[in-house]
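Asker: Pasting protein.cif here (mmCIF, C-alpha atoms):
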data_my_file
loop_
_atom_site.label_atom_id
_atom_site.label_comp_id
_atom_site.auth_asym_id
_atom_site.auth_seq_id
_atom_site.Cartn_x
_atom_site.Cartn_y
_atom_site.Cartn_z
CA MET A 1 0.00 0.00 0.00
CA TRP A 2 2.69 2.45 1.00
CA LYS A 3 5.78 2.85 -1.03
CA ALA A 4 8.81 2.18 1.07
CA ARG A 5 11.20 5.12 1.22
CA PRO A 6 14.87 4.41 0.75
CA GLU A 7 15.82 5.60 4.23
CA ASP A 8 13.34 3.11 5.78
CA ASN A 9 15.60 0.27 4.69
CA LYS A 10 18.57 1.73 6.47
CA PRO A 11 19.48 0.19 9.82
CA MET A 12 18.39 2.16 12.86
CA SER A 13 21.90 3.27 13.50
CA ALA A 14 25.17 2.66 11.80
CA ASN A 15 26.97 2.62 15.09
CA PRO A 16 25.07 0.75 17.77
CA ALA A 17 27.03 2.53 20.46
CA GLN A 18 25.64 5.85 19.23
CA PRO A 19 21.87 5.76 18.86
CA ALA A 20 20.28 7.79 16.08
CA THR A 21 18.42 9.94 18.54
CA GLN A 22 20.06 11.42 21.57
CA PRO A 23 19.00 9.74 24.82
CA ALA A 24 16.49 11.72 26.83
CA ALA A 25 18.91 12.12 29.69
CA VAL A 26 21.32 14.10 27.56
CA THR A 27 18.83 16.35 25.78
CA ALA A 28 16.54 16.71 28.76
CA PRO A 29 15.77 20.20 30.00
CA SER A 30 17.90 21.43 32.85
CA ILE A 31 15.20 20.60 35.41
CA PRO A 32 14.26 16.93 35.23
CA ALA A 33 11.04 15.41 36.52
CA PRO A 34 11.19 15.31 40.31
CA HIS A 35 9.72 11.80 40.67
CA LYS A 36 12.70 10.31 38.88
CA GLU A 37 15.02 12.03 41.30
CA THR A 38 13.29 10.70 44.41
CA SER A 39 13.73 7.13 43.23
CA LYS A 40 17.43 7.78 42.67
CA SER A 41 17.74 9.32 46.11
CA ASP A 42 16.48 6.16 47.75
CA PRO A 43 19.38 4.86 49.86
CA TYR A 44 17.93 1.33 49.68
CA ARG A 45 18.21 1.09 45.91
CA ALA A 46 20.18 -1.84 44.55
CA ASP A 47 23.36 -0.04 43.52
CA VAL A 48 23.89 1.60 46.91
CA GLY A 49 25.76 -0.28 49.60
CA HIS A 50 23.99 -0.23 52.95
CA ILE A 51 25.48 -0.48 56.41
CA GLY A 52 22.87 -0.71 59.13
CA LYS A 53 22.75 1.00 62.49
CA SER A 54 23.91 -2.05 64.48
CA VAL A 55 27.17 -2.35 62.54
CA GLN A 56 30.40 -1.10 64.07
CA ILE A 57 33.55 -0.81 62.00
CA ARG A 58 37.05 -0.07 63.24
CA GLY A 59 39.67 0.53 60.62
CA GLU A 60 39.67 1.58 56.99
CA LEU A 61 36.46 1.56 54.98
CA SER A 62 36.90 1.96 51.25
CA GLY A 63 34.76 1.13 48.25
CA SER A 64 33.85 1.86 44.67
CA GLU A 65 30.11 2.30 44.99
CA ASP A 66 27.73 4.70 46.68
CA LEU A 67 27.15 3.96 50.34
CA TYR A 68 24.47 4.57 52.94
CA LEU A 69 26.04 4.34 56.37
CA ASP A 70 23.91 4.28 59.48
CA GLY A 71 26.31 2.50 61.82
CA GLU A 72 29.49 3.44 63.66
CA VAL A 73 32.89 3.83 62.07
CA ASP A 74 36.14 4.55 63.85
CA GLY A 75 39.03 4.93 61.43
CA ASN A 76 38.99 6.20 57.89
CA ILE A 77 36.44 6.26 55.04
CA ASP A 78 37.55 6.50 51.44
CA LEU A 79 34.95 6.42 48.67
CA ARG A 80 36.79 8.76 46.26
CA ASP A 81 34.43 9.12 43.29
CA HIS A 82 31.31 7.94 45.03
CA SER A 83 28.62 9.32 47.28
CA LEU A 84 28.20 8.72 50.96
CA ILE A 85 25.10 9.27 53.03
CA ILE A 86 25.54 9.14 56.79
CA GLY A 87 22.17 8.24 58.26
CA PRO A 88 20.63 9.70 61.41
CA ASN A 89 22.06 6.89 63.56
CA GLY A 90 25.52 7.17 62.04
CA LYS A 91 28.38 7.95 64.41
CA ILE A 92 31.61 8.48 62.56
CA LYS A 93 35.01 9.18 64.03
CA ALA A 94 36.98 9.20 60.86
CA GLY A 95 38.42 11.25 58.07
CA ILE A 96 36.09 11.02 55.07
CA SER A 97 36.98 11.26 51.42
CA ALA A 98 34.13 11.02 48.92
CA ARG A 99 32.69 12.75 45.89
CA ASP A 100 29.43 13.83 47.53
CA LEU A 101 28.43 13.57 51.16
CA VAL A 102 25.15 13.95 53.04
CA VAL A 103 25.36 14.00 56.83
CA HIS A 104 22.33 13.34 59.00
CA GLY A 105 24.20 11.84 61.96
CA LYS A 106 27.36 12.67 63.89
CA VAL A 107 30.77 13.05 62.35
CA GLU A 108 34.04 13.79 64.08
CA GLY A 109 36.80 14.12 61.53
CA ASN A 110 37.91 16.04 58.50
CA ILE A 111 36.01 15.82 55.24
CA ILE A 112 37.29 16.10 51.70
CA ALA A 113 34.58 16.02 49.04
CA THR A 114 35.25 16.80 45.41
CA GLY A 115 31.55 17.38 44.74
CA LYS A 116 29.09 18.60 47.30
CA VAL A 117 28.61 18.33 51.07
CA GLU A 118 25.15 18.56 52.62
CA LEU A 119 24.80 19.06 56.36
CA ARG A 120 21.25 18.25 57.38
CA LYS A 121 19.48 19.74 60.38
CA SER A 122 20.02 16.67 62.57
CA CYS A 123 23.73 16.59 61.86
CA THR A 124 26.62 17.35 64.17
CA LEU A 125 29.95 17.85 62.48
CA LEU A 126 33.20 18.47 64.32
CA GLY A 127 35.98 18.84 61.81
CA ASP A 128 37.21 20.72 58.81
CA VAL A 129 35.56 20.55 55.40
CA LYS A 130 37.21 20.93 52.02
CA THR A 131 34.71 20.77 49.20
CA GLY A 132 33.54 22.31 45.97
CA ARG A 133 30.06 23.10 47.24
CA ILE A 134 28.36 22.98 50.61
CA VAL A 135 24.73 23.10 51.69
CA ILE A 136 23.97 23.63 55.36
CA GLU A 137 20.46 23.12 56.63
CA ASP A 138 19.21 25.42 59.33
CA GLY A 139 19.76 23.67 62.66
CA ALA A 140 22.88 21.74 61.70
CA PHE A 141 25.65 21.99 64.28
CA PHE A 142 29.09 22.58 62.85
CA LYS A 143 32.40 23.27 64.54
CA GLY A 144 35.41 23.58 62.31
CA ALA A 145 36.67 25.24 59.18
CA ILE A 146 35.12 25.38 55.73
CA ASP A 147 37.35 25.73 52.73
CA ILE A 148 35.67 25.96 49.36
CA GLN A 149 37.93 24.61 46.64
CA GLU A 150 38.02 26.32 43.28
CA LYS A 151 35.91 24.44 40.77
CA ASP A 152 37.70 22.58 38.03
CA THR A 153 36.00 24.04 34.98
CA LYS A 154 37.16 21.21 32.74
CA GLN A 155 35.57 18.66 35.06
CA GLU A 156 32.35 20.67 35.12
CA ALA A 157 32.22 20.72 31.32
CA ARG A 158 32.50 16.94 31.22
CA LYS A 159 29.50 16.44 33.49
CA PRO A 160 26.63 18.51 32.09
CA VAL A 161 23.99 15.87 32.92
CA ALA A 162 24.99 15.53 36.56
CA ALA A 163 24.92 19.29 36.92
CA SER A 164 21.44 19.57 35.49
CA THR A 165 19.98 16.73 37.57
CA SER A 166 21.17 18.31 40.78
CA LEU A 167 18.88 21.25 40.03
CA GLY A 168 15.88 19.01 40.32
CA THR A 169 16.46 17.95 43.90
CA GLY A 170 14.73 20.91 45.47
CA VAL A 171 17.96 22.15 46.99
CA SER A 172 18.62 25.76 46.16
CA SER A 173 21.97 26.31 44.54
CA GLY A 174 24.21 29.14 45.57
CA THR A 175 24.42 32.10 43.29
CA GLY A 176 28.00 32.83 44.14
CA THR A 177 31.09 31.50 42.50
CA THR A 178 31.93 29.12 45.32
CA GLY A 179 28.65 27.26 45.23
CA VAL A 180 27.78 27.58 48.89
CA SER A 181 24.12 27.52 49.64
CA SER A 182 21.73 27.14 52.47
CA TYR A 183 18.18 25.92 52.45
CA SER A 184 15.35 25.42 54.80
CA ALA A 185 14.20 22.08 56.07
CA SER A 186 11.55 20.43 53.98
CA ALA A 187 9.85 17.09 54.30
CA GLY A 188 11.24 14.15 52.46
CA ALA A 189 14.52 15.67 51.42
CA GLN A 190 16.97 12.87 52.02
CA GLY A 191 19.96 11.66 50.11
CA SER A 192 19.21 13.86 47.16
CA PHE A 193 22.46 13.52 45.29
CA LEU A 194 22.79 9.81 44.83
CA GLU A 195 22.30 10.45 41.19
CA SER A 196 23.33 8.33 38.25
CA LYS A 197 26.88 8.77 37.12
CA MET B 1 -6.73 1.20 44.43
CA GLY B 2 -3.21 2.07 43.52
CA SER B 3 -4.19 5.52 42.37
CA SER B 4 -6.28 6.23 45.46
CA SER B 5 -3.37 5.31 47.75
CA HIS B 6 -1.12 7.43 45.56
CA ASN B 7 -3.54 10.35 45.93
CA PHE B 8 -3.68 9.80 49.67
CA LYS B 9 0.09 9.81 49.90
CA ARG B 10 0.27 12.90 47.74
CA TRP B 11 -2.32 14.66 49.86
CA PHE B 12 -0.55 13.64 53.05
CA ARG B 13 2.85 14.70 51.73
CA GLY B 14 1.37 17.98 50.58
CA ALA B 15 0.13 18.69 54.10
CA GLY B 16 3.59 18.02 55.50
CA ASP B 17 5.14 20.33 52.95
CA SER B 18 2.76 23.16 53.72
CA GLN B 19 3.37 22.74 57.46
CA ALA B 20 7.11 22.87 56.91
CA LYS B 21 6.66 25.98 54.76
CA GLU B 22 4.55 27.63 57.47
CA VAL B 23 7.18 26.89 60.12
CA GLU B 24 9.86 28.24 57.83
CA SER B 25 7.97 31.41 56.98
CA ALA B 26 7.23 31.98 60.69
CA LYS B 27 10.94 31.62 61.38
CA HIS B 28 11.77 34.21 58.75
CA ALA B 29 9.03 36.52 60.01
CA SER B 30 10.65 36.55 63.46
CA ARG B 31 13.90 37.77 61.96
CA THR B 32 14.63 41.46 62.03
CA SER B 33 17.00 43.29 59.78
CA ARG B 34 19.50 45.81 61.09
CA ARG B 35 22.13 47.96 59.50
CA CYS B 36 25.55 47.28 60.98
CA ILE B 37 28.17 49.97 60.46
CA GLY B 38 30.81 47.94 62.29
CA LEU B 39 30.36 45.04 59.91
CA GLY B 40 30.63 47.41 56.95
CA GLU B 41 33.94 48.73 58.31
CA LEU B 42 35.18 45.19 58.94
CA MET B 43 34.32 44.09 55.40
CA ARG B 44 36.10 47.14 54.00
CA ASP B 45 39.21 46.25 56.01
CA LEU B 46 39.07 42.64 54.84
CA SER B 47 38.72 43.65 51.20
CA SER B 48 41.77 45.91 51.54
CA MET B 49 43.92 43.01 52.71
CA GLY B 50 44.58 41.90 49.16
CA GLU B 51 44.42 38.59 47.34
CA LYS B 52 45.70 36.28 50.07
CA LYS B 53 43.36 33.65 51.55
CA LEU B 54 41.79 35.23 54.61
CA CYS B 55 40.63 33.37 57.72
CA VAL B 56 37.59 34.46 59.71
CA LEU B 57 36.31 32.95 62.95
CA ASP B 58 32.57 33.15 63.59
CA LEU B 59 31.74 32.63 67.27
CA GLY B 60 27.97 32.68 66.86
CA PRO B 61 25.65 29.75 66.23
CA THR B 62 26.23 28.02 62.88
CA SER B 63 24.80 30.32 60.24
CA PRO B 64 24.53 29.01 56.69
CA ALA B 65 24.11 32.60 55.53
CA ASN B 66 27.41 33.71 57.09
CA ILE B 67 29.28 30.73 55.69
CA ALA B 68 27.80 31.34 52.25
CA PHE B 69 28.54 35.06 52.35
CA LEU B 70 32.14 34.73 53.54
CA THR B 71 33.18 31.72 51.47
CA ASP B 72 31.72 33.48 48.44
CA LEU B 73 34.40 36.11 49.01
CA GLY B 74 37.05 33.38 49.02
CA ILE B 75 37.43 33.49 52.81
CA ARG B 76 38.17 30.37 54.85
CA VAL B 77 35.52 30.29 57.58
CA TYR B 78 35.85 28.76 61.03
CA THR B 79 32.77 28.43 63.18
CA GLU B 80 32.59 27.69 66.86
CA ASP B 81 29.34 28.22 68.74
CA ILE B 82 31.02 29.31 71.92
CA LEU B 83 27.86 30.02 73.91
CA HIS B 84 26.40 26.63 73.09
CA GLU B 85 29.61 24.94 74.17
CA ALA B 86 29.70 26.93 77.40
CA GLN B 87 26.37 25.38 78.45
CA ASP B 88 27.90 21.91 78.48
CA PRO B 89 27.83 20.59 82.07
CA ASN B 90 31.19 18.88 81.46
CA TYR B 91 32.83 22.28 81.55
CA GLN B 92 31.33 23.26 84.88
CA ALA B 93 32.84 22.88 88.32
CA LYS B 94 31.34 23.06 91.80
CA GLN B 95 32.15 26.22 93.73
CA GLU B 96 32.66 26.48 97.50
CA ASP B 97 29.00 27.39 97.93
CA GLY B 98 27.99 24.29 95.97
CA ALA B 99 26.84 26.18 92.90
CA LEU B 100 27.94 25.03 89.48
CA GLN B 101 29.97 27.51 87.45
CA ALA B 102 31.81 27.38 84.15
CA ASP B 103 35.41 26.32 84.66
CA PRO B 104 37.82 28.08 82.28
CA VAL B 105 40.50 25.39 82.60
CA LYS B 106 38.14 22.61 81.56
CA PHE B 107 36.50 24.74 78.91
CA PHE B 108 39.62 25.97 77.16
CA ALA B 109 41.21 22.52 77.29
CA GLU B 110 38.71 21.46 74.62
CA ASN B 111 37.58 24.68 72.97
CA MET B 112 39.11 27.61 71.13
CA ASP B 113 42.24 25.65 70.43
CA TYR B 114 43.78 27.57 67.54
CA PRO B 115 47.36 28.63 66.87
CA ALA B 116 48.53 32.18 67.46
CA GLU B 117 47.93 34.71 64.67
CA GLN B 118 45.58 32.41 62.79
CA PHE B 119 42.71 34.77 62.01
CA ASP B 120 42.34 37.97 60.05
CA ALA B 121 39.02 38.71 61.72
CA VAL B 122 36.81 37.40 64.51
CA LEU B 123 33.05 37.82 64.55
CA PHE B 124 32.44 37.98 68.29
CA TRP B 125 28.90 39.34 67.94
CA ASP B 126 27.18 39.90 71.33
CA VAL B 127 28.58 36.73 72.91
CA ALA B 128 30.30 38.62 75.76
CA ASP B 129 26.95 39.82 77.13
CA TYR B 130 25.66 36.25 77.49
CA LEU B 131 28.77 34.23 78.28
CA PRO B 132 29.32 32.96 81.86
CA GLU B 133 31.46 35.45 83.78
CA PRO B 134 34.54 33.24 84.36
CA LEU B 135 34.99 32.67 80.61
CA VAL B 136 34.80 36.25 79.35
CA LYS B 137 38.27 37.58 80.19
CA PRO B 138 40.24 34.43 79.27
CA LEU B 139 38.33 34.24 75.99
CA VAL B 140 39.17 37.82 75.05
CA GLU B 141 42.84 37.20 75.92
CA ARG B 142 42.86 34.14 73.68
CA LEU B 143 41.21 36.00 70.83
CA GLN B 144 43.85 38.70 71.02
CA ILE B 145 46.55 36.05 70.61
CA MET B 146 44.72 34.22 67.82
CA LEU B 147 44.27 37.38 65.76
CA LYS B 148 46.94 38.42 63.29
CA PRO B 149 48.51 41.86 63.80
CA LYS B 150 46.06 44.43 62.35
CA GLY B 151 43.37 41.77 62.56
CA ASN B 152 39.81 42.90 63.42
CA LEU B 153 37.35 41.79 66.06
CA LEU B 154 33.73 42.84 65.81
CA ALA B 155 31.75 42.80 69.04
CA PHE B 156 28.30 44.05 70.04
CA PHE B 157 27.24 45.16 73.49
CA HIS B 158 23.78 45.97 74.78
CA THR B 159 23.24 49.31 76.47
CA LYS B 160 20.96 49.81 79.47
CA ASP B 161 18.38 51.26 77.10
CA ALA B 162 18.27 48.00 75.13
CA GLY B 163 16.79 46.38 78.25
CA GLN B 164 17.58 43.45 80.49
CA GLU B 165 15.30 41.18 78.51
CA SER B 166 17.25 41.56 75.28
CA LEU B 167 17.31 38.21 73.58
CA TYR B 168 20.43 36.59 72.27
CA SER B 169 20.25 36.48 68.50
CA ARG B 170 21.76 34.52 65.70
CA GLN B 171 23.39 37.01 63.39
CA HIS B 172 23.01 36.28 59.70
CA ILE B 173 25.04 38.41 57.31
CA VAL B 174 22.81 39.56 54.47
CA GLN B 175 25.00 42.25 52.91
CA ASN B 176 28.28 43.98 53.66
CA ASP B 177 26.59 46.18 56.24
CA THR B 178 23.29 44.42 56.92
CA LEU B 179 22.45 41.67 59.38
CA GLU B 180 19.35 39.64 59.98
CA LEU B 181 18.75 38.81 63.64
CA GLU B 182 17.05 35.58 64.62
CA PRO B 183 16.20 35.55 68.35
CA LEU B 184 17.27 32.49 70.34
CA PRO B 185 15.42 32.39 73.64
CA ASP B 186 17.81 29.89 75.27
CA PHE B 187 20.18 32.49 76.68
CA ARG B 188 19.70 35.38 79.11
CA LEU B 189 21.67 38.60 79.28
CA GLN B 190 24.36 38.15 81.97
CA ARG B 191 25.61 41.71 82.27
CA ILE B 192 25.75 45.10 80.61
CA PHE B 193 29.17 46.50 79.82
CA ASN B 194 29.73 50.24 79.85
CA ASN B 195 32.38 51.88 77.68
CA ARG B 196 35.01 51.76 80.40
CA HIS B 197 34.41 48.01 80.96
CA ILE B 198 34.81 47.42 77.25
CA GLU B 199 38.03 49.41 77.08
CA ASN B 200 39.45 47.50 80.05
CA LEU B 201 38.41 44.15 78.66
CA PHE B 202 40.03 44.84 75.30
CA LYS B 203 42.94 46.90 76.63
CA ASP B 204 45.54 44.81 74.78
CA PHE B 205 44.09 45.74 71.40
CA ALA B 206 45.74 48.59 69.49
CA SER B 207 42.55 50.50 68.72
CA ARG B 208 38.80 50.47 69.27
CA LYS B 209 36.07 52.13 67.23
CA PHE B 210 32.63 52.56 68.77
CA PHE B 211 29.37 52.84 66.80
CA LEU B 212 25.99 53.24 68.47
CA GLY B 213 23.08 51.67 66.62
CA ARG B 214 19.50 52.97 66.62
CA ASP B 215 18.50 49.87 68.55
CA ASN B 216 20.83 50.82 71.43
CA ILE B 217 23.42 48.22 70.53
CA ARG B 218 27.02 49.40 70.71
CA GLU B 219 29.14 48.02 67.93
CA VAL B 220 32.85 47.96 68.64
CA LEU B 221 35.50 47.21 66.06
CA MET B 222 38.76 46.28 67.72
CA VAL B 223 42.07 46.15 65.85
CA ARG B 224 44.93 44.12 67.22
#
Show how you would write the structure in this file as structure tokens.
Answerer:
Amino acid sequence: MWKARPEDNKPMSANPAQPATQPAAVTAPSIPAPHKETSKSDPYRADVGHIGKSVQIRGELSGSEDLYLDGEVDGNIDLRDHSLIIGPNGKIKAGISARDLVVHGKVEGNIIATGKVELRKSCTLLGDVKTGRIVIEDGAFFKGAIDIQEKDTKQEARKPVAASTSLGTGVSSGTGTTGVSSYSASAGAQGSFLESK
Amino acid sequence: MGSSSHNFKRWFRGAGDSQAKEVESAKHASRTSRRCIGLGELMRDLSSMGEKKLCVLDLGPTSPANIAFLTDLGIRVYTEDILHEAQDPNYQAKQEDGALQADPVKFFAENMDYPAEQFDAVLFWDVADYLPEPLVKPLVERLQIMLKPKGNLLAFFHTKDAGQESLYSRQHIVQNDTLELEPLPDFRLQRIFNNRHIENLFKDFASRKFFLGRDNIREVLMVR
């Protein structure tokens, strides 16, 4: 009935690694749908390691996946390029190195985060923070120094998707060059930056 | 069924959100804005110190606004809620009359432990008016040591006209010379300093500038 056009006979894509149409995640508007973000923020999702509140660790804790930590750690935590959420029962006496960090519990130690640090209202942090961006919720207790590291512009250019998804978390971004921001407490805002890499 | 439970959840979550918003707006409504000449002078001094990385110590309660404002200027910010720490019963000792009082030895063994000449400025706010008596003088002496030469210390003092019931406030920096005050009812005014008391307390500082605000708060900018 219909005459087949020549382009219809072509394969969908010459290179299977590069689809003909751009994936939605890349071309999506800068503010993605919030419901997608909440599922990603779930600390119980499959690709996030989970350490419960009855677990006590003494020594070095390192890994290559995102981690939700609600137990006690005495030593050192090294997650480098991954995110760490310290739950409300978490009691950490350790230096922490991670990409992004959310603190609900108690931390005693210095923090180095290449991405963003979020101090939630229930958090107590005694130690120094070196990070690219920091968000402090009203009510968080903090004693120490904050040093905002200059952003690596090349690294930022490589991660346009991650930057746009973080806008959809409901956390207000800082207008300044250092990316420091504060925000008020709102229901259901937990672990908002366990986003896809 | 699924959609009705979804609607219920959405309705319930919506209620929580609106409650949180109400609490937040009430919090902001209780804040008052005040112009602060002393802060303006301090910021001018800091900006004249050149390109080097400056260090500022904030002795008030943790303020996201202050951290955002100062780090935005490239300043390394230290915060230590000195008044909150001073309430800790671990730092109190029994006196001869049996009353508990803040013990400077215990307190300074675990607090305000910074090297000499670490800070370019200290935001002391009105802490001295509310701090337990035994801690005031040793704290000021420590601050003088911790400040760099020509470093600034900004302190506020209530006058008699401000009233005995003046509430301790969290000071949020909004602009170079504007603060937002958020009252914290947990602390009571301990004393009122007059000008001579202030000069005696800060006698080791090189200079002192006094500014009197419309709200009967004396702002004093000390230079080491």
Asker: Report as a PDB file with C-alpha atoms, in the coordinates of the input the residues that result from applying the PyMOL selection byres ((chain B) within 6 of (chain A)) to the structure here.
Answerer:
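Dumped everything to expr-v2.pdb:
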ATOM      1  CA  ASP B  17       5.140  20.330  52.950  1.00  0.00           C
ATOM      2  CA  ALA B  20       7.110  22.870  56.910  1.00  0.00           C
ATOM      3  CA  PRO B  64      24.530  29.010  56.690  1.00  0.00           C
ATOM      4  CA  ALA B  68      27.800  31.340  52.250  1.00  0.00           C
ATOM      5  CA  ASP B  72      31.720  33.480  48.440  1.00  0.00           C
ATOM      6  CA  ARG B  76      38.170  30.370  54.850  1.00  0.00           C
ATOM      7  CA  VAL B  77      35.520  30.290  57.580  1.00  0.00           C
ATOM      8  CA  TYR B  78      35.850  28.760  61.030  1.00  0.00           C
ATOM      9  CA  THR B  79      32.770  28.430  63.180  1.00  0.00           C
ATOM     10  CA  GLU B  80      32.590  27.690  66.860  1.00  0.00           C
TER      11      GLU B  80
END
Asker: Would you mind listing what lies within 12 Å of A:Val73 as number ranges by chain, with all atoms listed in the file counted and same-chain residues fewer than 6 positions away left out?
Answerer: A: 51-62, 86, 89-96, 105-109
Asker: Exactly which residues make up the result of the PyMOL selection byres ((chain B and resi 167-183) around 7) on this file, given as a list in words?
Answerer: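 Those residues are Ser30, Arg31, Thr32, Ser33, Arg34, Arg35, Cys36, Ile37, Leu39, Gly40, Met43, Gly60, Pro61, Ser63, Ala65, Asn66, Phe69, Glu165, Ser166, Leu184, Pro185, Phe187 and Arg188 of chain B.
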Asker: I'd like to see the residues matched by the PyMOL selection byres ((chain B and resi 100) around 12) on this file, and ideally I'd get them as a compact mmCIF listing (two decimals) with C-alpha atoms, in the frame of the given file.
Answerer:
# COMPACT_ATOMS: atom_id res chain seq x y z
CA GLN B 87 26.37 25.38 78.45
CA ASP B 88 27.90 21.91 78.48
CA PRO B 89 27.83 20.59 82.07
CA ASN B 90 31.19 18.88 81.46
CA TYR B 91 32.83 22.28 81.55
CA GLN B 92 31.33 23.26 84.88
CA ALA B 93 32.84 22.88 88.32
CA LYS B 94 31.34 23.06 91.80
CA GLN B 95 32.15 26.22 93.73
CA GLU B 96 32.66 26.48 97.50
CA ASP B 97 29.00 27.39 97.93
CA GLY B 98 27.99 24.29 95.97
CA ALA B 99 26.84 26.18 92.90
CA GLN B 101 29.97 27.51 87.45
CA ALA B 102 31.81 27.38 84.15
CA ASP B 103 35.41 26.32 84.66
CA PRO B 132 29.32 32.96 81.86
CA PRO B 134 34.54 33.24 84.36
Asker: Atom CA of B:Ala155 and atom CA of B:Arg224 are how many Å apart?
Answerer: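 For atom CA of B:Ala155 relative to atom CA of B:Arg224, the distance reads 13.4 Å.
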